[in-house]
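Asker: I'm passing along data.pdb; it holds PDB, C-alpha atoms, pLDDT in the B column.
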```
ATOM      1  CA  MET R   1       0.000   0.000   0.000  1.00 92.00           C
ATOM      2  CA  LYS R   2       1.233   3.474  -0.904  1.00 97.00           C
ATOM      3  CA  PHE R   3      -0.084   6.769   0.429  1.00 98.00           C
ATOM      4  CA  VAL R   4       0.610  10.512   0.494  1.00 98.00           C
ATOM      5  CA  LYS R   5       1.249  11.736   4.023  1.00 98.00           C
ATOM      6  CA  ALA R   6       0.449  15.298   5.032  1.00 98.00           C
ATOM      7  CA  GLN R   7       3.494  17.553   5.198  1.00 97.00           C
ATOM      8  CA  TRP R   8       2.394  20.295   7.573  1.00 98.00           C
ATOM      9  CA  GLN R   9       3.023  21.764  11.010  1.00 97.00           C
ATOM     10  CA  ALA R  10       0.207  19.985  12.850  1.00 98.00           C
ATOM     11  CA  PRO R  11       1.232  18.072  16.011  1.00 98.00           C
ATOM     12  CA  ASP R  12       2.797  14.641  15.433  1.00 97.00           C
ATOM     13  CA  HIS R  13      -0.114  12.775  17.014  1.00 98.00           C
ATOM     14  CA  VAL R  14      -2.396  14.024  14.228  1.00 98.00           C
ATOM     15  CA  GLN R  15      -2.327  11.476  11.403  1.00 98.00           C
ATOM     16  CA  ALA R  16      -3.378  12.704   7.959  1.00 98.00           C
ATOM     17  CA  LEU R  17      -2.977  11.060   4.568  1.00 98.00           C
ATOM     18  CA  THR R  18      -4.486  10.309   1.185  1.00 98.00           C
ATOM     19  CA  THR R  19      -4.341   6.792  -0.237  1.00 98.00           C
ATOM     20  CA  THR R  20      -3.204   5.989  -3.763  1.00 98.00           C
ATOM     21  CA  ARG R  21      -4.504   3.247  -6.043  1.00 98.00           C
ATOM     22  CA  VAL R  22      -1.392   1.145  -5.382  1.00 98.00           C
ATOM     23  CA  GLY R  23      -2.227  -2.127  -3.636  1.00 95.00           C
ATOM     24  CA  GLY R  24      -5.674  -3.531  -2.978  1.00 96.00           C
ATOM     25  CA  LEU R  25      -7.764  -6.229  -4.603  1.00 97.00           C
ATOM     26  CA  SER R  26      -9.909  -4.366  -7.127  1.00 98.00           C
ATOM     27  CA  GLN R  27      -9.601  -5.349 -10.785  1.00 97.00           C
ATOM     28  CA  GLY R  28     -10.255  -3.935 -14.245  1.00 96.00           C
ATOM     29  CA  THR R  29     -11.338  -0.311 -14.336  1.00 95.00           C
ATOM     30  CA  TYR R  30     -10.918  -0.090 -10.562  1.00 97.00           C
ATOM     31  CA  LYS R  31      -7.579  -1.884 -10.434  1.00 97.00           C
ATOM     32  CA  GLY R  32      -5.865  -1.229  -7.114  1.00 98.00           C
ATOM     33  CA  LEU R  33      -7.056   0.067  -3.771  1.00 98.00           C
ATOM     34  CA  ASN R  34     -10.519   1.344  -4.680  1.00 98.00           C
ATOM     35  CA  LEU R  35     -12.293   2.438  -1.495  1.00 98.00           C
ATOM     36  CA  GLY R  36     -15.519   3.750  -3.011  1.00 97.00           C
ATOM     37  CA  ASP R  37     -18.596   1.596  -2.474  1.00 95.00           C
ATOM     38  CA  HIS R  38     -20.838   3.786  -4.664  1.00 95.00           C
ATOM     39  CA  VAL R  39     -19.190   2.805  -7.956  1.00 96.00           C
ATOM     40  CA  SER R  40     -19.715  -0.483  -9.808  1.00 95.00           C
ATOM     41  CA  ASP R  41     -16.756  -2.267  -8.267  1.00 97.00           C
ATOM     42  CA  SER R  42     -17.208  -5.606  -6.507  1.00 96.00           C
ATOM     43  CA  GLU R  43     -18.621  -5.033  -3.011  1.00 96.00           C
ATOM     44  CA  GLU R  44     -16.390  -7.848  -1.773  1.00 97.00           C
ATOM     45  CA  HIS R  45     -13.290  -6.122  -3.119  1.00 98.00           C
ATOM     46  CA  VAL R  46     -14.249  -2.722  -1.688  1.00 98.00           C
ATOM     47  CA  GLN R  47     -14.861  -4.123   1.772  1.00 97.00           C
ATOM     48  CA  ALA R  48     -11.617  -6.091   1.622  1.00 98.00           C
ATOM     49  CA  ASN R  49      -9.766  -2.918   0.604  1.00 98.00           C
ATOM     50  CA  ARG R  50     -11.314  -1.026   3.512  1.00 98.00           C
ATOM     51  CA  THR R  51     -10.232  -3.789   5.877  1.00 97.00           C
ATOM     52  CA  LEU R  52      -6.698  -3.564   4.472  1.00 97.00           C
ATOM     53  CA  LEU R  53      -6.748   0.176   5.111  1.00 97.00           C
ATOM     54  CA  SER R  54      -7.833  -0.202   8.743  1.00 97.00           C
ATOM     55  CA  THR R  55      -5.242  -2.906   9.306  1.00 97.00           C
ATOM     56  CA  GLU R  56      -2.430  -0.908   7.688  1.00 97.00           C
ATOM     57  CA  PHE R  57      -2.976   2.041  10.018  1.00 96.00           C
ATOM     58  CA  ASP R  58      -4.099   0.033  13.045  1.00 96.00           C
ATOM     59  CA  LEU R  59      -7.492   1.725  13.209  1.00 96.00           C
ATOM     60  CA  LYS R  60      -9.263   0.114  16.169  1.00 92.00           C
ATOM     61  CA  ARG R  61     -12.474   2.107  15.696  1.00 97.00           C
ATOM     62  CA  ARG R  62     -14.648   2.100  12.597  1.00 97.00           C
ATOM     63  CA  PRO R  63     -13.844   5.095  10.351  1.00 98.00           C
ATOM     64  CA  GLN R  64     -16.598   7.568   9.528  1.00 98.00           C
ATOM     65  CA  TRP R  65     -17.416   7.005   5.870  1.00 98.00           C
ATOM     66  CA  LEU R  66     -19.642   9.534   4.106  1.00 98.00           C
ATOM     67  CA  THR R  67     -22.148   9.674   1.282  1.00 97.00           C
ATOM     68  CA  GLN R  68     -20.916  12.796  -0.474  1.00 98.00           C
ATOM     69  CA  VAL R  69     -23.204  15.066  -2.496  1.00 97.00           C
ATOM     70  CA  HIS R  70     -20.999  18.102  -3.331  1.00 96.00           C
ATOM     71  CA  GLY R  71     -22.735  20.020  -0.556  1.00 97.00           C
ATOM     72  CA  ILE R  72     -21.672  21.829   2.607  1.00 98.00           C
ATOM     73  CA  GLU R  73     -22.931  19.547   5.385  1.00 98.00           C
ATOM     74  CA  VAL R  74     -20.393  18.874   8.140  1.00 98.00           C
ATOM     75  CA  VAL R  75     -20.972  16.058  10.643  1.00 98.00           C
ATOM     76  CA  LYS R  76     -19.207  14.843  13.746  1.00 98.00           C
ATOM     77  CA  ALA R  77     -17.681  11.414  13.213  1.00 98.00           C
ATOM     78  CA  LYS R  78     -19.129   8.400  15.021  1.00 98.00           C
ATOM     79  CA  ASP R  79     -17.949   4.791  15.036  1.00 95.00           C
ATOM     80  CA  ASP R  80     -21.421   3.253  14.813  1.00 96.00           C
ATOM     81  CA  GLY R  81     -20.955   2.008  11.248  1.00 93.00           C
ATOM     82  CA  ILE R  82     -23.521   4.419   9.793  1.00 96.00           C
ATOM     83  CA  CYS R  83     -22.506   6.112   6.535  1.00 97.00           C
ATOM     84  CA  ARG R  84     -23.677   9.726   6.894  1.00 97.00           C
ATOM     85  CA  GLN R  85     -24.602  12.128   4.099  1.00 98.00           C
ATOM     86  CA  ALA R  86     -22.156  15.021   4.265  1.00 98.00           C
ATOM     87  CA  ASP R  87     -19.089  16.432   2.556  1.00 98.00           C
ATOM     88  CA  ALA R  88     -16.954  17.022   5.633  1.00 98.00           C
ATOM     89  CA  CYS R  89     -16.548  15.509   9.075  1.00 98.00           C
ATOM     90  CA  TRP R  90     -14.671  16.300  12.246  1.00 98.00           C
ATOM     91  CA  THR R  91     -13.735  14.668  15.542  1.00 98.00           C
ATOM     92  CA  ASP R  92     -12.139  15.350  18.903  1.00 98.00           C
ATOM     93  CA  GLU R  93     -12.041  11.651  19.846  1.00 98.00           C
ATOM     94  CA  PRO R  94      -8.731   9.747  19.650  1.00 98.00           C
ATOM     95  CA  GLY R  95      -8.611   6.775  17.289  1.00 97.00           C
ATOM     96  CA  LEU R  96     -11.659   7.757  15.240  1.00 98.00           C
ATOM     97  CA  ALA R  97     -10.783   8.467  11.604  1.00 98.00           C
ATOM     98  CA  CYS R  98     -12.682  10.988   9.510  1.00 98.00           C
ATOM     99  CA  VAL R  99     -12.758  10.063   5.821  1.00 98.00           C
ATOM    100  CA  VAL R 100     -13.659  11.687   2.515  1.00 98.00           C
ATOM    101  CA  MET R 101     -13.310  10.097  -0.907  1.00 98.00           C
ATOM    102  CA  THR R 102     -12.074  11.791  -4.067  1.00 98.00           C
ATOM    103  CA  ALA R 103     -11.084  11.124  -7.670  1.00 98.00           C
ATOM    104  CA  ASP R 104     -10.035  14.686  -8.719  1.00 98.00           C
ATOM    105  CA  CYS R 105     -11.797  16.837  -6.111  1.00 98.00           C
ATOM    106  CA  LEU R 106      -9.642  18.456  -3.431  1.00 98.00           C
ATOM    107  CA  PRO R 107      -9.359  16.844   0.022  1.00 98.00           C
ATOM    108  CA  VAL R 108      -8.745  19.540   2.650  1.00 98.00           C
ATOM    109  CA  PHE R 109      -7.391  18.588   6.088  1.00 99.00           C
ATOM    110  CA  PHE R 110      -7.735  20.651   9.266  1.00 99.00           C
ATOM    111  CA  SER R 111      -6.149  20.482  12.712  1.00 98.00           C
ATOM    112  CA  ASN R 112      -6.281  22.923  15.596  1.00 98.00           C
ATOM    113  CA  ALA R 113      -3.021  24.068  17.166  1.00 98.00           C
ATOM    114  CA  ASP R 114      -2.769  21.371  19.838  1.00 98.00           C
ATOM    115  CA  GLY R 115      -4.194  18.554  17.710  1.00 98.00           C
ATOM    116  CA  SER R 116      -7.206  17.996  19.926  1.00 98.00           C
ATOM    117  CA  GLN R 117      -9.685  18.525  17.079  1.00 98.00           C
ATOM    118  CA  VAL R 118      -9.379  17.585  13.405  1.00 98.00           C
ATOM    119  CA  ALA R 119     -11.509  17.555  10.265  1.00 99.00           C
ATOM    120  CA  VAL R 120     -11.393  16.747   6.554  1.00 99.00           C
ATOM    121  CA  ALA R 121     -13.539  18.156   3.741  1.00 98.00           C
ATOM    122  CA  HIS R 122     -14.361  17.102   0.178  1.00 98.00           C
ATOM    123  CA  ALA R 123     -14.014  20.200  -2.006  1.00 98.00           C
ATOM    124  CA  GLY R 124     -14.889  20.051  -5.678  1.00 97.00           C
ATOM    125  CA  TRP R 125     -15.737  23.313  -7.420  1.00 98.00           C
ATOM    126  CA  ARG R 126     -19.398  23.108  -6.404  1.00 98.00           C
ATOM    127  CA  GLY R 127     -18.555  22.553  -2.754  1.00 98.00           C
ATOM    128  CA  LEU R 128     -15.946  25.306  -2.796  1.00 98.00           C
ATOM    129  CA  LEU R 129     -18.403  27.758  -4.300  1.00 98.00           C
ATOM    130  CA  ALA R 130     -21.178  26.788  -1.875  1.00 98.00           C
ATOM    131  CA  GLY R 131     -18.895  27.198   1.154  1.00 98.00           C
ATOM    132  CA  VAL R 132     -17.957  23.722   2.394  1.00 98.00           C
ATOM    133  CA  LEU R 133     -14.607  24.987   3.678  1.00 98.00           C
ATOM    134  CA  GLU R 134     -16.173  27.835   5.620  1.00 98.00           C
ATOM    135  CA  GLU R 135     -18.713  25.417   7.103  1.00 98.00           C
ATOM    136  CA  THR R 136     -15.876  23.161   8.218  1.00 98.00           C
ATOM    137  CA  LEU R 137     -14.076  26.105   9.796  1.00 98.00           C
ATOM    138  CA  SER R 138     -17.211  26.836  11.827  1.00 98.00           C
ATOM    139  CA  VAL R 139     -16.639  23.775  14.045  1.00 98.00           C
ATOM    140  CA  PHE R 140     -13.318  25.210  15.281  1.00 98.00           C
ATOM    141  CA  ASP R 141     -12.825  27.979  17.858  1.00 96.00           C
ATOM    142  CA  GLN R 142      -9.581  29.646  16.747  1.00 94.00           C
ATOM    143  CA  VAL R 143      -9.517  29.755  12.951  1.00 97.00           C
ATOM    144  CA  SER R 144      -6.331  31.817  12.800  1.00 96.00           C
ATOM    145  CA  GLU R 145      -4.413  29.092  14.645  1.00 97.00           C
ATOM    146  CA  LEU R 146      -5.515  26.185  12.428  1.00 98.00           C
ATOM    147  CA  HIS R 147      -3.210  24.086  10.297  1.00 98.00           C
ATOM    148  CA  VAL R 148      -4.598  23.194   6.855  1.00 98.00           C
ATOM    149  CA  TRP R 149      -3.200  20.848   4.220  1.00 98.00           C
ATOM    150  CA  PHE R 150      -4.385  20.181   0.672  1.00 98.00           C
ATOM    151  CA  GLY R 151      -4.130  16.580  -0.524  1.00 98.00           C
ATOM    152  CA  PRO R 152      -3.906  15.323  -4.142  1.00 98.00           C
ATOM    153  CA  ALA R 153      -6.434  16.746  -6.630  1.00 98.00           C
ATOM    154  CA  ILE R 154      -6.724  17.568 -10.311  1.00 98.00           C
ATOM    155  CA  GLY R 155      -4.046  20.127 -11.126  1.00 98.00           C
ATOM    156  CA  PRO R 156      -4.360  23.644 -12.578  1.00 97.00           C
ATOM    157  CA  ASN R 157      -3.172  22.517 -16.016  1.00 96.00           C
ATOM    158  CA  ALA R 158      -5.770  19.755 -16.323  1.00 97.00           C
ATOM    159  CA  PHE R 159      -9.061  21.027 -14.871  1.00 97.00           C
ATOM    160  CA  GLU R 160     -10.988  22.541 -17.770  1.00 97.00           C
ATOM    161  CA  VAL R 161     -14.294  24.315 -17.027  1.00 97.00           C
ATOM    162  CA  GLY R 162     -16.785  26.426 -18.918  1.00 96.00           C
ATOM    163  CA  PRO R 163     -17.163  30.213 -18.682  1.00 97.00           C
ATOM    164  CA  GLU R 164     -20.241  29.783 -16.496  1.00 98.00           C
ATOM    165  CA  VAL R 165     -18.113  28.228 -13.739  1.00 98.00           C
ATOM    166  CA  LYS R 166     -15.615  31.069 -13.865  1.00 98.00           C
ATOM    167  CA  LYS R 167     -18.463  33.598 -13.764  1.00 98.00           C
ATOM    168  CA  LEU R 168     -20.003  32.009 -10.681  1.00 98.00           C
ATOM    169  CA  PHE R 169     -16.735  32.303  -8.759  1.00 98.00           C
ATOM    170  CA  CYS R 170     -15.863  35.787  -9.988  1.00 98.00           C
ATOM    171  CA  ASP R 171     -19.350  37.100  -9.276  1.00 98.00           C
ATOM    172  CA  HIS R 172     -18.938  35.864  -5.709  1.00 97.00           C
ATOM    173  CA  ASP R 173     -15.403  37.196  -5.360  1.00 98.00           C
ATOM    174  CA  PRO R 174     -13.602  39.114  -8.150  1.00 98.00           C
ATOM    175  CA  ASP R 175     -10.242  38.098  -6.638  1.00 98.00           C
ATOM    176  CA  THR R 176     -10.790  34.542  -7.885  1.00 98.00           C
ATOM    177  CA  GLU R 177      -9.989  35.759 -11.405  1.00 98.00           C
ATOM    178  CA  ILE R 178      -6.363  34.788 -10.732  1.00 97.00           C
ATOM    179  CA  ALA R 179      -7.378  31.117 -10.376  1.00 98.00           C
ATOM    180  CA  PHE R 180      -8.554  30.894 -14.010  1.00 98.00           C
ATOM    181  CA  SER R 181      -6.624  30.960 -17.278  1.00 97.00           C
ATOM    182  CA  GLU R 182      -7.775  30.501 -20.860  1.00 95.00           C
ATOM    183  CA  SER R 183      -7.474  26.945 -22.115  1.00 94.00           C
ATOM    184  CA  ALA R 184      -5.309  26.394 -25.179  1.00 87.00           C
ATOM    185  CA  VAL R 185      -7.334  23.282 -26.032  1.00 82.00           C
ATOM    186  CA  GLY R 186     -11.026  23.892 -25.407  1.00 69.00           C
ATOM    187  CA  LEU R 187     -12.773  26.726 -27.273  1.00 82.00           C
ATOM    188  CA  ASN R 188     -14.180  29.255 -24.797  1.00 89.00           C
ATOM    189  CA  LYS R 189     -12.927  27.121 -21.916  1.00 95.00           C
ATOM    190  CA  TYR R 190     -10.843  27.928 -18.868  1.00 97.00           C
ATOM    191  CA  LEU R 191      -8.366  26.064 -16.707  1.00 97.00           C
ATOM    192  CA  ALA R 192      -9.355  26.288 -13.042  1.00 98.00           C
ATOM    193  CA  ASP R 193      -6.939  25.993 -10.140  1.00 98.00           C
ATOM    194  CA  LEU R 194      -8.762  24.218  -7.297  1.00 98.00           C
ATOM    195  CA  TYR R 195      -5.764  24.671  -5.021  1.00 98.00           C
ATOM    196  CA  ALA R 196      -5.742  28.439  -5.566  1.00 98.00           C
ATOM    197  CA  LEU R 197      -9.509  28.736  -5.164  1.00 98.00           C
ATOM    198  CA  ALA R 198      -9.399  26.863  -1.844  1.00 98.00           C
ATOM    199  CA  ARG R 199      -6.441  28.898  -0.588  1.00 98.00           C
ATOM    200  CA  LEU R 200      -8.264  32.141  -1.378  1.00 98.00           C
ATOM    201  CA  ARG R 201     -11.399  31.072   0.468  1.00 98.00           C
ATOM    202  CA  LEU R 202      -9.482  29.942   3.532  1.00 98.00           C
ATOM    203  CA  SER R 203      -7.193  32.964   3.638  1.00 98.00           C
ATOM    204  CA  LYS R 204     -10.142  35.327   3.493  1.00 97.00           C
ATOM    205  CA  ALA R 205     -11.728  33.379   6.346  1.00 98.00           C
ATOM    206  CA  GLY R 206      -8.659  33.990   8.501  1.00 98.00           C
ATOM    207  CA  VAL R 207      -6.603  30.815   8.055  1.00 98.00           C
ATOM    208  CA  LYS R 208      -2.865  31.552   8.033  1.00 97.00           C
ATOM    209  CA  ASN R 209      -1.144  28.153   8.029  1.00 98.00           C
ATOM    210  CA  ILE R 210      -1.880  26.489   4.685  1.00 98.00           C
ATOM    211  CA  SER R 211       0.306  23.919   2.940  1.00 98.00           C
ATOM    212  CA  SER R 212      -0.232  21.686  -0.078  1.00 98.00           C
ATOM    213  CA  CYS R 213       1.084  18.529  -1.714  1.00 97.00           C
ATOM    214  CA  GLY R 214       0.581  20.022  -5.189  1.00 93.00           C
ATOM    215  CA  LEU R 215       0.069  16.605  -6.787  1.00 98.00           C
ATOM    216  CA  CYS R 216      -2.209  16.127  -9.803  1.00 98.00           C
ATOM    217  CA  THR R 217      -4.550  13.140  -9.884  1.00 98.00           C
ATOM    218  CA  TYR R 218      -5.313  13.588 -13.588  1.00 98.00           C
ATOM    219  CA  THR R 219      -1.754  13.315 -14.880  1.00 98.00           C
ATOM    220  CA  ASP R 220      -0.504  10.556 -12.556  1.00 98.00           C
ATOM    221  CA  GLU R 221      -2.422   7.486 -13.714  1.00 97.00           C
ATOM    222  CA  ASP R 222      -0.098   5.055 -11.935  1.00 97.00           C
ATOM    223  CA  ASN R 223      -0.888   6.444  -8.496  1.00 98.00           C
ATOM    224  CA  PHE R 224      -4.292   8.104  -8.619  1.00 98.00           C
ATOM    225  CA  TYR R 225      -7.845   7.516  -9.770  1.00 98.00           C
ATOM    226  CA  SER R 226      -9.254  10.378 -11.857  1.00 98.00           C
ATOM    227  CA  TYR R 227     -12.892  10.771 -12.826  1.00 98.00           C
ATOM    228  CA  ARG R 228     -12.100  13.502 -15.336  1.00 97.00           C
ATOM    229  CA  ARG R 229      -9.504  11.304 -17.048  1.00 97.00           C
ATOM    230  CA  ASP R 230     -11.223   7.905 -16.954  1.00 97.00           C
ATOM    231  CA  GLY R 231     -14.945   8.433 -16.336  1.00 94.00           C
ATOM    232  CA  GLU R 232     -15.785   5.206 -14.535  1.00 95.00           C
ATOM    233  CA  THR R 233     -13.086   4.806 -11.915  1.00 97.00           C
ATOM    234  CA  GLY R 234     -12.290   4.109  -8.270  1.00 98.00           C
ATOM    235  CA  ARG R 235     -11.955   6.450  -5.323  1.00 98.00           C
ATOM    236  CA  LEU R 236      -9.074   7.515  -3.118  1.00 98.00           C
ATOM    237  CA  ALA R 237      -9.620   7.995   0.602  1.00 98.00           C
ATOM    238  CA  SER R 238      -8.340  10.911   2.672  1.00 98.00           C
ATOM    239  CA  LEU R 239      -8.175  10.143   6.380  1.00 98.00           C
ATOM    240  CA  ILE R 240      -7.393  12.177   9.462  1.00 98.00           C
ATOM    241  CA  TRP R 241      -7.382  10.993  13.052  1.00 98.00           C
ATOM    242  CA  ILE R 242      -5.900  11.674  16.472  1.00 98.00           C
ATOM    243  CA  LYS R 243      -3.547   8.963  17.724  1.00 96.00           C
TER
END
```
Mind converting the file's structure to structure tokens?
Answerer:
Amino acid sequence: MKFVKAQWQAPDHVQALTTTRVGGLSQGTYKGLNLGDHVSDSEEHVQANRTLLSTEFDLKRRPQWLTQVHGIEVVKAKDDGICRQADACWTDEPGLACVVMTADCLPVFFSNADGSQVAVAHAGWRGLLAGVLEETLSVFDQVSELHVWFGPAIGPNAFEVGPEVKKLFCDHDPDTEIAFSESAVGLNKYLADLYALARLRLSKAGVKNISSCGLCTYTDEDNFYSYRRDGETGRLASLIWIK
């Protein structure tokens, strides 16, 4: 199993990472460590992959899996085995992993200064625009002291969007103009920088400590699933927990 570990200034007892597709039992289109149970992969393989994940990181409690809808709902993680509908979750309980799944969207990790409270959010362009990051910030007391890390997502040279998407962001905040550039491939299309859009939103909300892996899921087929690249594909998992 291979994963991308958060490189940030959060306390050492905060564990944060994004899986890759390397390892696992899934085959065909989903070859590797597919952790999404909402695609057409074998249920047996998905559950086996999730068991491998828990074993690899010695997770004694059941992780909080979510049904994601590109919204702004934030829930507190529980280890009761119920998959909750939300696009972010948080916890202050040791050993309980919060999880979001992605295949191009941006996973955003949060930790307070002493590592007593953590969260992770699923931020595609719809969630970013609607305010999922700001909703996640609302569960913390001291926003200015938070540590935030961006996991692997589709990069700024690969994420093509229409002019209507750019307009929605720029109408909300003209400063987001810098996160869009004209595409050399698609007529009347723009390249959107999810990393830059998320950084802008968080900075304006008062977050000071932001770091990023800068990896692109679209261009690295060996390591990452990508919905934009492949259509039908698996899902990566981004986990954060307190040891």
Asker: Hey, what comes out of the PyMOL selection byres ((chain R and resi 32) around 9) on this file? Could you write it as a list in words?
Answerer: Thr20, Arg21, Val22, Gly23, Gly24, Leu25, Ser26, Gln27, Gly28, Tyr30, Lys31, Leu33, Asn34, Asn49 and Gly234 of chain R
Asker: On this structure, which residues satisfy the PyMOL selection byres ((chain R and resi 172) around 12), written as a ChimeraX atom specification?
Answerer: /R:128-131,165-171,173-177,197,201
Asker: The PyMOL selection byres ((chain R and resi 151-153) around 7) on the file shown: which residues, as a tab-separated table (two decimals) with C-alpha atoms, keeping the file's coordinate frame?
Answerer:
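Wrote it out as result-v3.tsv, contents follow:
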```tsv
chain	number	residue	atom	x	y	z
R	18	THR	CA	-4.49	10.31	1.18
R	104	ASP	CA	-10.04	14.69	-8.72
R	105	CYS	CA	-11.80	16.84	-6.11
R	106	LEU	CA	-9.64	18.46	-3.43
R	107	PRO	CA	-9.36	16.84	0.02
R	108	VAL	CA	-8.74	19.54	2.65
R	149	TRP	CA	-3.20	20.85	4.22
R	150	PHE	CA	-4.38	20.18	0.67
R	154	ILE	CA	-6.72	17.57	-10.31
R	155	GLY	CA	-4.05	20.13	-11.13
R	212	SER	CA	-0.23	21.69	-0.08
R	213	CYS	CA	1.08	18.53	-1.71
R	214	GLY	CA	0.58	20.02	-5.19
R	215	LEU	CA	0.07	16.60	-6.79
R	216	CYS	CA	-2.21	16.13	-9.80
R	217	THR	CA	-4.55	13.14	-9.88
```
Asker: Residues within 8 Å of Lys189 of chain R, please, as a ChimeraX atom specification. Count all atoms listed in the file; anything in the same chain fewer than 4 positions from it doesn't count.
Answerer: /R:160-163,182-183,185
Asker: Which residue is closest to Phe110 of chain R? Choose from R:Thr233, R:Asn223, R:Asn209, R:Thr29 and count all atoms listed in the file.
Answerer: R:Asn209
Asker: Smallest atom-to-atom distance to Tyr225 of chain R: which of R:Thr102, R:Ser40, R:Ser54, R:Gln68, using only C-alpha atoms?
Answerer: R:Thr102
Asker: Measure the distance from atom CA of Val75 of chain R to atom CA of Ala121 of chain R in Å and round it to one decimal.
Answerer: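 Computed distance, atom CA of Val75 of chain R to atom CA of Ala121 of chain R, equals 10.4 Å.
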Asker: Pick out the closest residue to Val118 of chain R from this set: R:Arg84, R:Arg228, R:His45, R:His13. Count all atoms listed in the file.
Answerer: R:His13
Asker: Pick from R:Ala205, R:Ile240, R:Ala198, R:Ala48: nearest to Cys89 of chain R, with all atoms listed in the file counted?
Answerer: R:Ile240
Asker: So how far away is atom CA of Ile72 of chain R from atom CA of Val132 of chain R, in Å?
Answerer: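 Here the two named atoms are 4.2 Å from each other.
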Asker: Rounded to one decimal place, report the atom CA of Val139 of chain R-atom CA of Ala192 of chain R distance in Å.
Answerer: 28.2 Å
Asker: Let me have the centre and edge lengths of the axis-aligned box enclosing all listed atoms of segment 178-197 of chain R with 3 Å padding on every side, in Å to one decimal, as lines of an AutoDock Vina configuration file.
Answerer:
```
center_x = -9.7
center_y = 29.0
center_z = -16.1
size_x = 14.9
size_y = 17.5
size_z = 28.3
```
Asker: With distances taken over only C-alpha atoms, which of R:Asp58, R:Asp230, R:Glu43, R:Asp222 is nearest to Gly95 of chain R?
Answerer: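 Of R:Asp58, R:Asp230, R:Glu43, R:Asp222, the one nearest Gly95 of chain R is R:Asp58, counting only C-alpha atoms.
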Asker: Could you give me, as number ranges by chain, the residues within 7 Å of Gln64 of chain R, counting all atoms listed in the file and dropping anything in the same chain fewer than 6 positions from it?
Answerer: R: 77-79, 83, 97-99
Asker: Which residue gives the smallest distance to Leu35 of chain R among R:Ala103, R:Phe180, R:Asp12, R:Leu17, with all atoms listed in the file counted?
Answerer: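 Ranked by minimum distance to Leu35 of chain R, first place goes to R:Ala103.
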Asker: List the neighbours of Val14 of chain R out to 9 Å using only C-alpha atoms; skip same-chain residues closer than 5 positions along the sequence, and give me the result as JSON, numbers by chain.
Answerer: {"R": [111, 115, 116, 118, 240, 241, 242, 243]}
Asker: Output as a PDB file, in the frame of the given file: segment 28-40 of chain R, completed with N, CA and C atoms.
Answerer:
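The resulting file, out_31.pdb, is reproduced below:
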```
ATOM      1  N   GLY R  28      -9.686  -4.624 -13.093  1.00 96.00           N
ATOM      2  CA  GLY R  28     -10.255  -3.935 -14.245  1.00 96.00           C
ATOM      3  C   GLY R  28     -10.155  -2.427 -14.131  1.00 96.00           C
ATOM      4  N   THR R  29     -11.270  -1.765 -14.393  1.00 95.00           N
ATOM      5  CA  THR R  29     -11.338  -0.311 -14.336  1.00 95.00           C
ATOM      6  C   THR R  29     -10.905   0.226 -12.977  1.00 95.00           C
ATOM      7  N   TYR R  30     -11.179  -0.540 -11.932  1.00 97.00           N
ATOM      8  CA  TYR R  30     -10.918  -0.090 -10.562  1.00 97.00           C
ATOM      9  C   TYR R  30      -9.613  -0.636 -10.001  1.00 97.00           C
ATOM     10  N   LYS R  31      -8.796  -1.180 -10.857  1.00 97.00           N
ATOM     11  CA  LYS R  31      -7.579  -1.884 -10.434  1.00 97.00           C
ATOM     12  C   LYS R  31      -6.829  -1.124  -9.340  1.00 97.00           C
ATOM     13  N   GLY R  32      -6.594  -1.823  -8.226  1.00 98.00           N
ATOM     14  CA  GLY R  32      -5.865  -1.229  -7.114  1.00 98.00           C
ATOM     15  C   GLY R  32      -6.705  -1.124  -5.858  1.00 98.00           C
ATOM     16  N   LEU R  33      -6.416  -0.115  -5.072  1.00 98.00           N
ATOM     17  CA  LEU R  33      -7.056   0.067  -3.771  1.00 98.00           C
ATOM     18  C   LEU R  33      -8.265   0.994  -3.887  1.00 98.00           C
ATOM     19  N   ASN R  34      -9.292   0.547  -4.609  1.00 98.00           N
ATOM     20  CA  ASN R  34     -10.519   1.344  -4.680  1.00 98.00           C
ATOM     21  C   ASN R  34     -11.271   1.253  -3.360  1.00 98.00           C
ATOM     22  N   LEU R  35     -11.607   2.403  -2.788  1.00 98.00           N
ATOM     23  CA  LEU R  35     -12.293   2.438  -1.495  1.00 98.00           C
ATOM     24  C   LEU R  35     -13.715   2.974  -1.595  1.00 98.00           C
ATOM     25  N   GLY R  36     -14.165   3.247  -2.817  1.00 97.00           N
ATOM     26  CA  GLY R  36     -15.519   3.750  -3.011  1.00 97.00           C
ATOM     27  C   GLY R  36     -16.528   2.643  -3.196  1.00 97.00           C
ATOM     28  N   ASP R  37     -17.563   2.630  -2.375  1.00 95.00           N
ATOM     29  CA  ASP R  37     -18.596   1.596  -2.474  1.00 95.00           C
ATOM     30  C   ASP R  37     -19.794   2.056  -3.297  1.00 95.00           C
ATOM     31  N   HIS R  38     -19.718   3.253  -3.888  1.00 95.00           N
ATOM     32  CA  HIS R  38     -20.838   3.786  -4.664  1.00 95.00           C
ATOM     33  C   HIS R  38     -20.576   3.694  -6.169  1.00 95.00           C
ATOM     34  N   VAL R  39     -19.461   3.067  -6.542  1.00 96.00           N
ATOM     35  CA  VAL R  39     -19.190   2.805  -7.956  1.00 96.00           C
ATOM     36  C   VAL R  39     -19.528   1.339  -8.227  1.00 96.00           C
ATOM     37  N   SER R  40     -19.275   0.872  -9.436  1.00 95.00           N
ATOM     38  CA  SER R  40     -19.715  -0.483  -9.808  1.00 95.00           C
ATOM     39  C   SER R  40     -18.667  -1.555  -9.558  1.00 95.00           C
TER      40      SER R  40
END
```
